[in-house]
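Listing of entry_19.cif, mmCIF, C-alpha atoms and all ligand atoms
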```cif
data_query
#
loop_
_atom_site.label_atom_id
_atom_site.label_comp_id
_atom_site.auth_asym_id
_atom_site.auth_seq_id
_atom_site.Cartn_x
_atom_site.Cartn_y
_atom_site.Cartn_z
CA MET B 822 1.50 -28.37 -9.49
CA HIS B 823 1.71 -27.60 -5.74
CA PRO B 824 -1.57 -27.03 -3.88
CA PRO B 825 -2.11 -23.30 -3.20
CA HIS B 826 -0.84 -21.83 0.06
CA THR B 827 -3.81 -21.26 2.39
CA ILE B 828 -4.22 -17.80 3.92
CA ARG B 829 -6.60 -18.01 6.89
CA THR B 830 -8.43 -14.72 6.64
CA ALA B 831 -10.62 -12.71 9.04
CA LEU B 832 -13.07 -10.17 7.63
CA ILE B 833 -13.84 -7.42 10.14
CA GLY B 834 -16.96 -5.62 8.89
CA LEU B 835 -19.21 -7.28 6.31
CA GLY B 836 -20.51 -4.13 4.61
CA ASN B 837 -20.05 -2.86 1.08
CA VAL B 838 -16.28 -3.44 0.98
CA ASN B 839 -15.83 -6.86 2.56
CA ARG B 840 -18.95 -8.25 0.88
CA ASN B 841 -17.28 -7.28 -2.38
CA PHE B 842 -14.12 -9.02 -1.19
CA LEU B 843 -16.22 -12.19 -0.82
CA ARG B 844 -17.55 -11.56 -4.34
CA ILE B 845 -13.97 -11.38 -5.63
CA LEU B 846 -13.12 -14.69 -3.94
CA GLU B 847 -16.10 -16.21 -5.74
CA MET B 848 -14.94 -14.76 -9.08
CA LYS B 849 -11.16 -15.18 -8.74
CA HIS B 850 -10.63 -18.23 -6.55
CA ALA B 851 -9.11 -20.25 -9.41
CA ALA B 852 -7.07 -17.35 -10.82
CA LEU B 853 -5.56 -16.60 -7.40
CA ALA B 854 -4.48 -20.22 -7.03
CA ARG B 855 -3.12 -20.45 -10.58
CA ARG B 856 -1.38 -17.08 -10.82
CA TYR B 857 -0.19 -16.50 -7.25
CA GLY B 858 -0.39 -19.94 -5.61
CA LEU B 859 -2.73 -18.54 -2.91
CA ALA B 860 -6.08 -19.61 -1.47
CA PHE B 861 -7.91 -17.24 0.87
CA VAL B 862 -10.03 -19.17 3.39
CA VAL B 863 -12.38 -16.98 5.45
CA VAL B 864 -12.07 -18.36 8.98
CA CYS B 865 -13.62 -15.39 10.83
CA VAL B 866 -16.26 -12.75 10.07
CA ALA B 867 -17.51 -9.85 12.19
CA ASP B 868 -20.26 -7.27 11.90
CA SER B 869 -21.94 -4.97 14.41
CA SER B 870 -23.83 -7.94 15.89
CA GLY B 871 -20.81 -10.09 16.73
CA VAL B 872 -18.03 -12.42 15.56
CA ALA B 873 -18.19 -15.93 14.12
CA VAL B 874 -15.38 -18.40 13.42
CA ALA B 875 -15.13 -21.46 11.19
CA ALA B 876 -11.78 -23.27 11.20
CA ASN B 877 -12.51 -24.85 7.81
CA GLY B 878 -13.80 -21.62 6.34
CA PHE B 879 -17.09 -19.91 5.56
CA ASP B 880 -18.42 -20.32 2.04
CA PRO B 881 -17.89 -16.88 0.39
CA ALA B 882 -21.07 -16.89 -1.71
CA ALA B 883 -23.32 -18.22 1.06
CA THR B 884 -21.90 -15.70 3.57
CA ARG B 885 -22.35 -12.80 1.15
CA HIS B 886 -25.92 -13.82 0.33
CA PHE B 887 -26.67 -14.24 4.03
CA LYS B 888 -25.56 -10.65 4.75
CA GLU B 889 -27.23 -9.22 1.66
CA ALA B 890 -30.49 -10.81 2.82
CA GLY B 891 -30.19 -8.91 6.12
CA GLY B 892 -28.54 -11.70 8.15
CA ARG B 893 -26.48 -10.98 11.26
CA VAL B 894 -23.18 -12.61 12.13
CA CYS B 895 -24.44 -13.45 15.64
CA ASP B 896 -26.88 -15.86 13.98
CA LEU B 897 -24.19 -17.72 12.00
CA PRO B 898 -22.91 -21.12 13.14
CA GLY B 899 -19.63 -20.53 14.97
CA SER B 900 -20.84 -17.29 16.52
CA VAL B 901 -18.81 -16.36 19.63
CA ALA B 902 -21.26 -14.93 22.15
CA GLY B 903 -20.39 -11.51 23.52
CA ALA B 904 -16.82 -11.35 22.15
CA ALA B 905 -15.27 -8.31 20.49
CA PRO B 906 -13.31 -8.94 17.25
CA ALA B 907 -9.99 -8.00 18.89
CA ALA B 908 -10.53 -10.52 21.69
CA VAL B 909 -11.22 -13.29 19.19
CA LEU B 910 -8.12 -12.33 17.17
CA ALA B 911 -5.98 -12.60 20.29
CA THR B 912 -6.17 -16.41 20.04
CA LEU B 913 -7.55 -17.26 16.58
CA ALA B 914 -5.45 -19.35 14.17
CA CYS B 915 -5.31 -16.74 11.43
CA ASP B 916 -2.83 -15.27 8.92
CA LEU B 917 -4.55 -12.14 7.63
CA VAL B 918 -7.10 -9.56 8.79
CA LEU B 919 -9.03 -7.41 6.33
CA GLU B 920 -10.32 -4.48 8.39
CA ALA B 921 -13.34 -2.72 6.82
CA SER B 922 -15.44 -1.48 9.71
CA PRO B 923 -16.65 2.15 9.89
CA VAL B 924 -14.28 5.05 10.51
CA ASN B 925 -14.30 6.25 14.10
CA LEU B 926 -12.15 9.35 14.58
CA THR B 927 -12.68 9.51 18.34
CA THR B 928 -11.57 6.05 19.46
CA GLY B 929 -10.57 4.31 16.22
CA GLU B 930 -12.67 1.36 17.34
CA PRO B 931 -13.20 -1.41 16.59
CA GLY B 932 -10.48 -1.16 13.93
CA LEU B 933 -7.67 0.10 16.14
CA SER B 934 -7.90 -2.75 18.68
CA VAL B 935 -8.26 -5.23 15.83
CA ALA B 936 -5.11 -3.94 14.13
CA ARG B 937 -3.13 -3.92 17.39
CA ALA B 938 -4.24 -7.43 18.41
CA ALA B 939 -3.42 -8.91 15.02
CA LEU B 940 -0.10 -7.15 14.44
CA GLN B 941 1.14 -8.02 17.94
CA ARG B 942 0.70 -11.70 17.05
CA GLY B 943 2.43 -11.33 13.68
CA ILE B 944 -0.86 -11.54 11.76
CA ALA B 945 -0.86 -9.41 8.59
CA VAL B 946 -3.34 -6.51 8.51
CA VAL B 947 -4.82 -4.89 5.42
CA LEU B 948 -6.91 -1.81 6.13
CA ALA B 949 -9.68 -0.11 4.17
CA ASN B 950 -10.68 1.72 7.36
CA LYS B 951 -8.66 4.93 7.71
CA GLY B 952 -9.41 5.51 11.40
CA PRO B 953 -6.67 3.32 12.93
CA LEU B 954 -3.99 4.88 10.70
CA VAL B 955 -5.15 8.44 11.26
CA LEU B 956 -5.06 7.98 15.04
CA ALA B 957 -2.07 5.64 15.40
CA TYR B 958 0.03 5.56 12.20
CA CYS B 959 3.40 5.35 13.97
CA GLU B 960 2.27 2.99 16.71
CA LEU B 961 0.84 0.45 14.27
CA HIS B 962 3.99 0.55 12.14
CA GLU B 963 6.15 0.06 15.24
CA ILE B 964 4.10 -2.98 16.32
CA ALA B 965 4.30 -4.41 12.79
CA ALA B 966 8.05 -3.85 12.63
CA ALA B 967 8.54 -5.55 16.03
CA SER B 968 6.49 -8.64 15.16
CA GLY B 969 7.38 -8.80 11.46
CA ALA B 970 3.69 -8.66 10.49
CA GLY B 971 2.65 -7.23 7.13
CA LEU B 972 0.71 -3.97 7.22
CA ALA B 973 -0.80 -2.51 4.06
CA PHE B 974 -3.44 0.12 3.38
CA SER B 975 -3.53 1.13 -0.28
CA ALA B 976 -7.36 0.92 -0.20
CA THR B 977 -7.59 3.75 2.33
CA VAL B 978 -6.75 6.47 -0.18
CA CYS B 979 -8.85 6.86 -3.36
CA GLY B 980 -10.12 3.26 -3.34
CA ALA B 981 -8.29 1.30 -6.01
CA LEU B 982 -6.13 4.19 -7.29
CA PRO B 983 -2.68 3.09 -6.08
CA VAL B 984 -1.65 6.51 -4.72
CA ILE B 985 0.15 5.06 -1.71
CA ASN B 986 1.90 2.40 -3.81
CA ILE B 987 3.13 4.97 -6.31
CA GLY B 988 4.33 7.24 -3.54
CA ARG B 989 6.17 4.54 -1.60
CA ARG B 990 7.42 2.32 -4.41
CA ASP B 991 7.89 4.55 -7.43
CA LEU B 992 9.08 7.94 -6.17
CA ILE B 993 12.44 6.58 -5.08
CA ALA B 994 14.68 9.28 -3.56
CA ALA B 995 12.24 12.04 -4.51
CA GLU B 996 11.07 14.96 -2.45
CA VAL B 997 7.43 15.81 -3.08
CA LEU B 998 7.10 19.55 -3.61
CA SER B 999 3.37 19.67 -4.08
CA LEU B 1000 0.50 17.19 -4.02
CA ARG B 1001 -3.08 18.11 -4.98
CA GLY B 1002 -5.83 15.55 -4.99
CA ILE B 1003 -9.55 14.96 -5.33
CA PHE B 1004 -9.65 12.24 -2.69
CA ASN B 1005 -13.38 11.85 -2.06
CA ALA B 1006 -15.70 10.48 -4.75
CA THR B 1007 -18.92 11.28 -2.88
CA THR B 1008 -18.25 15.02 -2.75
CA ASN B 1009 -16.83 15.07 -6.28
CA PHE B 1010 -20.04 13.43 -7.50
CA ILE B 1011 -22.21 15.86 -5.52
CA LEU B 1012 -20.35 18.93 -6.84
CA THR B 1013 -20.48 17.65 -10.43
CA GLU B 1014 -24.21 16.92 -10.15
CA MET B 1015 -24.95 20.28 -8.48
CA ALA B 1016 -23.10 22.08 -11.29
CA ALA B 1017 -25.47 20.30 -13.70
CA GLY B 1018 -28.52 21.47 -11.73
CA ARG B 1019 -29.24 18.53 -9.40
CA GLY B 1020 -29.99 19.00 -5.70
CA TYR B 1021 -27.35 18.32 -3.01
CA ALA B 1022 -29.51 15.90 -1.00
CA ASP B 1023 -30.52 13.88 -4.05
CA ALA B 1024 -26.89 13.47 -5.20
CA LEU B 1025 -25.76 12.46 -1.70
CA ALA B 1026 -28.56 9.89 -1.54
CA GLU B 1027 -27.28 8.33 -4.78
CA ALA B 1028 -23.73 8.07 -3.37
CA GLN B 1029 -25.14 6.33 -0.29
CA ARG B 1030 -27.25 3.98 -2.42
CA ARG B 1031 -24.18 2.96 -4.42
CA GLY B 1032 -22.18 2.18 -1.25
CA ILE B 1033 -19.57 4.87 -1.97
CA ALA B 1034 -20.44 7.30 0.86
CA GLU B 1035 -19.00 6.75 4.33
CA THR B 1036 -21.23 4.95 6.87
CA ASP B 1037 -21.55 8.43 8.42
CA PRO B 1038 -21.69 10.73 5.32
CA THR B 1039 -20.85 13.77 7.45
CA LEU B 1040 -17.25 12.55 7.15
CA ASP B 1041 -17.51 13.04 3.36
CA VAL B 1042 -19.33 16.35 3.10
CA ALA B 1043 -17.54 18.03 6.03
CA GLY B 1044 -14.16 17.21 4.46
CA TRP B 1045 -12.91 14.78 7.13
CA ASP B 1046 -12.64 11.78 4.83
CA ALA B 1047 -10.37 13.75 2.48
CA ALA B 1048 -8.41 15.04 5.50
CA ASN B 1049 -7.98 11.48 6.81
CA LYS B 1050 -6.56 10.46 3.45
CA LEU B 1051 -4.25 13.47 3.41
CA VAL B 1052 -2.87 12.48 6.83
CA ILE B 1053 -2.21 8.93 5.59
CA VAL B 1054 -0.63 10.22 2.36
CA ALA B 1055 1.56 12.64 4.29
CA ASN B 1056 2.82 10.05 6.76
CA SER B 1057 3.42 7.36 4.15
CA MET B 1058 4.66 9.39 1.17
CA LEU B 1059 6.09 12.69 2.35
CA GLY B 1060 8.36 11.20 5.00
CA SER B 1061 11.59 12.77 3.84
CA GLY B 1062 10.06 16.26 3.96
CA LEU B 1063 8.13 15.87 7.20
CA ALA B 1064 9.51 17.42 10.35
CA ARG B 1065 7.36 14.98 12.39
CA ALA B 1066 4.39 12.63 11.99
CA VAL B 1067 1.27 14.44 10.87
CA THR B 1068 -2.14 14.34 12.59
CA LEU B 1069 -5.57 15.68 11.71
CA ALA B 1070 -4.77 18.75 13.80
CA ASP B 1071 -2.23 19.73 11.11
CA VAL B 1072 -4.89 19.91 8.39
CA ALA B 1073 -7.08 22.99 7.81
CA VAL B 1074 -10.42 21.42 6.84
CA THR B 1075 -13.43 22.96 5.11
CA GLY B 1076 -16.15 20.75 3.62
CA ILE B 1077 -18.61 21.32 0.79
CA THR B 1078 -21.75 22.06 2.77
CA GLY B 1079 -21.30 25.81 2.18
CA VAL B 1080 -20.97 25.42 -1.59
CA THR B 1081 -24.13 26.57 -3.39
CA ALA B 1082 -25.40 26.34 -6.96
CA ALA B 1083 -24.65 30.07 -7.23
CA HIS B 1084 -20.97 29.49 -6.30
CA LEU B 1085 -20.71 26.78 -8.95
CA ALA B 1086 -22.39 28.96 -11.60
CA HIS B 1087 -20.08 31.87 -10.75
CA ALA B 1088 -17.02 29.61 -11.10
CA ALA B 1089 -18.31 28.25 -14.42
CA ALA B 1090 -18.69 31.79 -15.76
CA GLN B 1091 -14.95 32.28 -15.04
CA GLY B 1092 -13.98 29.04 -16.86
CA ALA B 1093 -13.49 27.26 -13.54
CA THR B 1094 -15.08 24.49 -11.53
CA ILE B 1095 -15.13 23.97 -7.75
CA LYS B 1096 -13.45 20.83 -6.41
CA LEU B 1097 -12.87 19.60 -2.87
CA LEU B 1098 -9.07 19.61 -3.02
CA ALA B 1099 -6.68 18.03 -0.55
CA THR B 1100 -3.30 19.73 -0.87
CA ALA B 1101 0.16 19.36 0.60
CA GLU B 1102 2.53 22.19 -0.29
CA ARG B 1103 6.18 22.06 0.75
CA THR B 1104 7.10 24.94 3.02
CA THR B 1105 10.46 26.23 4.13
CA ASP B 1106 8.91 27.12 7.49
CA HIS B 1107 10.37 24.31 9.57
CA THR B 1108 8.44 25.25 12.70
CA GLY B 1109 5.49 23.26 11.32
CA ALA B 1110 5.18 19.81 9.72
CA GLY B 1111 7.23 20.76 6.65
CA TYR B 1112 4.08 20.96 4.49
CA VAL B 1113 1.00 23.14 4.56
CA LEU B 1114 -1.92 20.69 4.57
CA THR B 1115 -5.37 21.83 3.48
CA VAL B 1116 -8.74 20.40 2.49
CA ALA B 1117 -11.11 22.97 1.01
CA PRO B 1118 -13.51 23.63 -1.89
CA THR B 1119 -11.23 25.30 -4.43
CA PRO B 1120 -11.85 26.76 -7.90
CA VAL B 1121 -9.65 25.10 -10.55
CA ALA B 1122 -9.52 25.74 -14.29
CA ALA B 1123 -12.22 23.65 -15.94
CA ASP B 1124 -9.78 22.38 -18.57
CA SER B 1125 -7.06 21.40 -16.06
CA PHE B 1126 -6.36 17.80 -14.98
CA LEU B 1127 -8.23 18.20 -11.69
CA GLY B 1128 -10.98 20.23 -13.38
CA GLN B 1129 -11.47 17.27 -15.70
CA CYS B 1130 -11.99 14.79 -12.84
CA HIS B 1131 -15.77 14.50 -12.95
CA GLY B 1132 -18.41 12.67 -10.95
CA TRP B 1133 -17.16 9.30 -9.73
CA GLU B 1134 -13.56 10.10 -10.61
CA MET B 1135 -10.81 10.84 -8.12
CA GLY B 1136 -7.37 12.07 -9.06
CA VAL B 1137 -4.05 13.27 -7.80
CA GLU B 1138 -1.21 15.34 -9.22
CA ILE B 1139 2.19 14.98 -7.62
CA GLU B 1140 5.10 17.29 -8.33
CA SER B 1141 8.50 16.14 -7.09
CA ASP B 1142 12.10 17.21 -7.48
CA LEU B 1143 13.00 14.12 -9.55
CA TYR B 1144 9.96 12.79 -11.37
CA GLY B 1145 8.36 15.87 -12.90
CA ARG B 1146 4.61 16.32 -12.45
CA MET B 1147 2.60 13.07 -12.40
CA TYR B 1148 -1.15 12.80 -12.95
CA HIS B 1149 -3.20 9.77 -11.92
CA LYS B 1150 -6.93 9.29 -11.88
CA ILE B 1151 -9.60 6.62 -11.42
CA TRP B 1152 -13.33 6.19 -12.09
CA GLU B 1153 -14.89 4.21 -9.24
CA ARG B 1154 -18.68 4.05 -8.87
CA GLU B 1155 -19.02 1.03 -6.58
CA PRO B 1156 -16.94 -0.54 -3.80
CA LEU B 1157 -15.67 -3.50 -5.86
CA PRO B 1158 -12.39 -1.74 -6.83
CA THR B 1159 -11.72 -0.88 -3.18
CA ALA B 1160 -12.17 -4.54 -2.25
CA ALA B 1161 -9.81 -5.41 -5.10
CA ALA B 1162 -7.26 -2.98 -3.64
CA MET B 1163 -7.38 -4.95 -0.38
CA LEU B 1164 -6.80 -8.15 -2.33
CA ARG B 1165 -3.88 -6.45 -4.12
CA ASP B 1166 -2.35 -5.49 -0.78
CA ALA B 1167 -2.74 -9.00 0.59
CA VAL B 1168 -1.27 -10.69 -2.48
CA ASN B 1169 1.62 -8.22 -2.51
CA LEU B 1170 2.36 -8.95 1.16
CA TRP B 1171 2.56 -12.67 0.43
CA THR B 1172 4.37 -12.53 -2.88
CA ARG B 1173 6.79 -9.67 -2.02
CA GLY B 1174 6.94 -10.41 1.72
CA GLY B 1175 8.13 -8.25 4.58
CA SER B 1176 6.63 -5.34 6.45
CA PRO B 1177 6.16 -2.74 5.23
CA ALA B 1178 5.97 -3.99 1.66
CA TRP B 1179 8.00 -0.98 0.51
CA PRO B 1180 10.13 1.53 2.35
CA GLY B 1181 8.07 4.01 4.34
N1 LIG F 1201 -17.30 2.00 0.43
C1 LIG F 1201 -16.21 2.40 -0.18
O1 LIG F 1201 -16.20 2.63 -1.39
C2 LIG F 1201 -14.92 2.55 0.59
C3 LIG F 1201 -13.75 2.94 -0.10
C4 LIG F 1201 -12.54 3.03 0.61
C5 LIG F 1201 -12.51 2.79 1.98
N2 LIG F 1201 -13.70 2.45 2.63
C6 LIG F 1201 -13.64 2.20 4.07
O2 LIG F 1201 -13.97 0.83 4.31
C7 LIG F 1201 -14.67 0.72 5.55
C8 LIG F 1201 -15.95 -0.03 5.29
O3 LIG F 1201 -16.74 0.68 4.36
P1 LIG F 1201 -18.13 0.07 3.89
O4 LIG F 1201 -18.61 0.92 2.77
O5 LIG F 1201 -18.00 -1.38 3.70
O6 LIG F 1201 -19.03 0.36 5.21
P2 LIG F 1201 -20.43 -0.26 5.57
O7 LIG F 1201 -21.11 -0.74 4.34
O8 LIG F 1201 -21.13 0.74 6.44
O9 LIG F 1201 -20.06 -1.57 6.44
C9 LIG F 1201 -19.48 -1.49 7.70
C10 LIG F 1201 -19.46 -2.88 8.30
O10 LIG F 1201 -18.83 -2.81 9.56
C11 LIG F 1201 -19.67 -3.48 10.50
N3 LIG F 1201 -19.47 -2.96 11.84
C12 LIG F 1201 -19.96 -1.84 12.43
N4 LIG F 1201 -19.55 -1.76 13.70
C13 LIG F 1201 -18.79 -2.88 13.94
C14 LIG F 1201 -18.13 -3.39 15.07
N5 LIG F 1201 -18.14 -2.73 16.23
N6 LIG F 1201 -17.46 -4.55 14.96
C15 LIG F 1201 -17.43 -5.24 13.79
N7 LIG F 1201 -18.07 -4.80 12.68
C16 LIG F 1201 -18.73 -3.63 12.75
C17 LIG F 1201 -21.07 -3.25 10.00
O11 LIG F 1201 -21.95 -4.17 10.61
P3 LIG F 1201 -23.49 -4.33 10.17
O12 LIG F 1201 -23.45 -5.10 8.86
O13 LIG F 1201 -24.07 -5.13 11.28
O14 LIG F 1201 -24.05 -2.95 10.04
C18 LIG F 1201 -20.86 -3.47 8.52
O15 LIG F 1201 -20.88 -4.83 8.20
C19 LIG F 1201 -14.87 2.13 6.09
O16 LIG F 1201 -13.89 2.39 7.06
C20 LIG F 1201 -14.65 3.02 4.87
O17 LIG F 1201 -14.10 4.27 5.20
C21 LIG F 1201 -14.88 2.32 1.97
#
```

Spit out the file's structure as structure tokens when you get a sec.
Ligand SMILES: NC(=O)c1ccc[n+]([C@@H]2O[C@H](COP(=O)([O-])OP(=O)(O)OC[C@H]3O[C@@H](n4cnc5c(N)ncnc54)[C@H](OP(=O)(O)O)[C@@H]3O)[C@@H](O)[C@H]2O)c1
Amino acid sequence: MHPPHTIRTALIGLGNVNRNFLRILEMKHAALARRYGLAFVVVCVADSSGVAVAANGFDPAATRHFKEAGGRVCDLPGSVAGAAPAAVLATLACDLVLEASPVNLTTGEPGLSVARAALQRGIAVVLANKGPLVLAYCELHEIAAASGAGLAFSATVCGALPVINIGRRDLIAAEVLSLRGIFNATTNFILTEMAAGRGYADALAEAQRRGIAETDPTLDVAGWDAANKLVIVANSMLGSGLARAVTLADVAVTGITGVTAAHLAHAAAQGATIKLLATAERTTDHTGAGYVLTVAPTPVAADSFLGQCHGWEMGVEIESDLYGRMYHKIWEREPLPTAAAMLRDAVNLWTRGGSPAWPG
């Protein structure tokens, strides 16, 4: 048997997601070598304190335990004093970057500079962080196409639910007529718990404790996380129907902070339940983006597919001209499946090759 192909990997952010990626390397190291002929060696890690490099690789378990015990990357051996992750990536011998730092909708940083620096050098980038794609979807794809670097981001929408993969790989030649999704588990959990009588703040605190809420939970409850995902879905899946690339300015966004127990009880009395829906509806008005894009708390029939997505579930229904109406859902209560989605993207880039992995 050949030795596995080494993928020198940089982990940007060592929070809930990338610590779970390290956990997966601990669990699946042998299976990855046996089934895919791949060995991920973590040659660079970064958190808010700094960046550290190790040409021969950091031990996944020791690095995870170090962070879980409150350690800071600036105190690791190999720490690069005062350097930003993008600056380190400009020269590092590296094959893959897993970007899982917090969403920043103003600057996209540090993720946007990280993605640019890596892609320009032909280094593959897998994103869990939506910010760089929301702010620079076309630019990043252009850089990747020019350098031949892989760029994948299935973890950015609904964690491990492969919405993007289905849209790009499996809806060949289709035009999406309507897409309706519950894209944010934190708000779905809060609404489900509130309908059962629990307080808003208590339910949000549980989502934060489990590592599901955004670093800044305002992004969840104000609807921006769902809107970010809708922008990524639109640009990656609705291409044939889009008049132009979509931005956050194209999405009408309302969060759940105005939803009260009384609203939920009133909906229940009508046989409905309130969900934070992200919707893309095809429009014949070609002065806009080609779709009406909305995120808003919306009553849906309690016995419908979306009405039956409870608590930690997220789901999407996609109606197209060729493939009927598809329904997909996931139950995800911790960040491990999202980290697995990043692994899936990376393995697909290496085993299928090319950039993007499927037609955009
Ligand atoms: N959690 C989920 O279930 C989930 C699902 C899908 C997508 N995502 C996305 O994945 C990303 C990470 O989520 P998470 O839950 O892992 O967040 P998190 O637990 O808050 O971790 C964020 C990590 O980024 C680090 N960081 C902050 N600023 C940085 C900087 N300037 N340079 C380098 N690192 C920096 C933090 O450092 P410190 O450790 O020093 O604080 C921390 O290690 C987010 O963009 C989120 O939207 C998360």

Pick out the residues sitting within 9 Å of B:Ser870, and hand them over as an MDAnalysis selection string; count all atoms listed in the file, and ignore anything fewer than 2 positions along from it in its own chain.
chainID B and resid 867:868 872 893:896

Just checking: using only C-alpha atoms, which residue out of B:Gly1092, B:Gly1136, B:Gly871, B:Gly988 ends up closest to B:Tyr1148?
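Residue with the minimum atom-to-atom distance to B:Tyr1148: B:Gly1136.
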
Closest of B:Gly1145, B:Gly1060, B:Gly1076, B:Gly971 to B:Leu919 - atom-to-atom distances counting only C-alpha atoms:
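Among the listed residues, B:Gly971 lies closest to B:Leu919.
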
For ligand LIG 1201 (chain F), collect every residue having any atom at a distance of at most 7 Å from a ligand atom (counting all atoms listed in the file); output as a CSV table (one decimal) with C-alpha atoms, in the frame of the given file.
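After the write, pocket10.csv holds the following:
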```
chain,number,residue,atom,x,y,z
B,833,ILE,CA,-13.8,-7.4,10.1
B,834,GLY,CA,-17.0,-5.6,8.9
B,835,LEU,CA,-19.2,-7.3,6.3
B,836,GLY,CA,-20.5,-4.1,4.6
B,837,ASN,CA,-20.0,-2.9,1.1
B,838,VAL,CA,-16.3,-3.4,1.0
B,839,ASN,CA,-15.8,-6.9,2.6
B,867,ALA,CA,-17.5,-9.8,12.2
B,868,ASP,CA,-20.3,-7.3,11.9
B,869,SER,CA,-21.9,-5.0,14.4
B,870,SER,CA,-23.8,-7.9,15.9
B,871,GLY,CA,-20.8,-10.1,16.7
B,893,ARG,CA,-26.5,-11.0,11.3
B,906,PRO,CA,-13.3,-8.9,17.2
B,921,ALA,CA,-13.3,-2.7,6.8
B,922,SER,CA,-15.4,-1.5,9.7
B,923,PRO,CA,-16.6,2.2,9.9
B,924,VAL,CA,-14.3,5.0,10.5
B,930,GLU,CA,-12.7,1.4,17.3
B,931,PRO,CA,-13.2,-1.4,16.6
B,949,ALA,CA,-9.7,-0.1,4.2
B,950,ASN,CA,-10.7,1.7,7.4
B,951,LYS,CA,-8.7,4.9,7.7
B,952,GLY,CA,-9.4,5.5,11.4
B,976,ALA,CA,-7.4,0.9,-0.2
B,977,THR,CA,-7.6,3.8,2.3
B,978,VAL,CA,-6.8,6.5,-0.2
B,979,CYS,CA,-8.8,6.9,-3.4
B,980,GLY,CA,-10.1,3.3,-3.3
B,1032,GLY,CA,-22.2,2.2,-1.2
B,1033,ILE,CA,-19.6,4.9,-2.0
B,1034,ALA,CA,-20.4,7.3,0.9
B,1035,GLU,CA,-19.0,6.8,4.3
B,1036,THR,CA,-21.2,5.0,6.9
B,1155,GLU,CA,-19.0,1.0,-6.6
B,1156,PRO,CA,-16.9,-0.5,-3.8
B,1159,THR,CA,-11.7,-0.9,-3.2
```

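Each of B:Val1116, B:Leu843, B:Ala1123, B:Leu954 was checked against B:Ala1090 using all atoms listed in the file; the smallest atom-to-atom distance is that of B:Ala1123.
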
In Å, with one decimal, what is the gap from atom CA of B:Ala1066 to atom CA of B:Ile944?
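Atom CA of B:Ile944 lies 24.7 Å from atom CA of B:Ala1066.
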
Compile the contact shell of B:Val874 as an MDAnalysis selection string: residues with an atom at most 6 Å away, counting all atoms listed in the file, same-chain residues fewer than 2 positions apart removed.
chainID B and resid 864:865 899

Using all atoms listed in the file, which residue out of B:Ala882, B:Ile1151, B:Leu1000, B:Leu1157 lies closest to B:Leu1098?
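Among the listed residues, the smallest separation from B:Leu1098 belongs to B:Leu1000.
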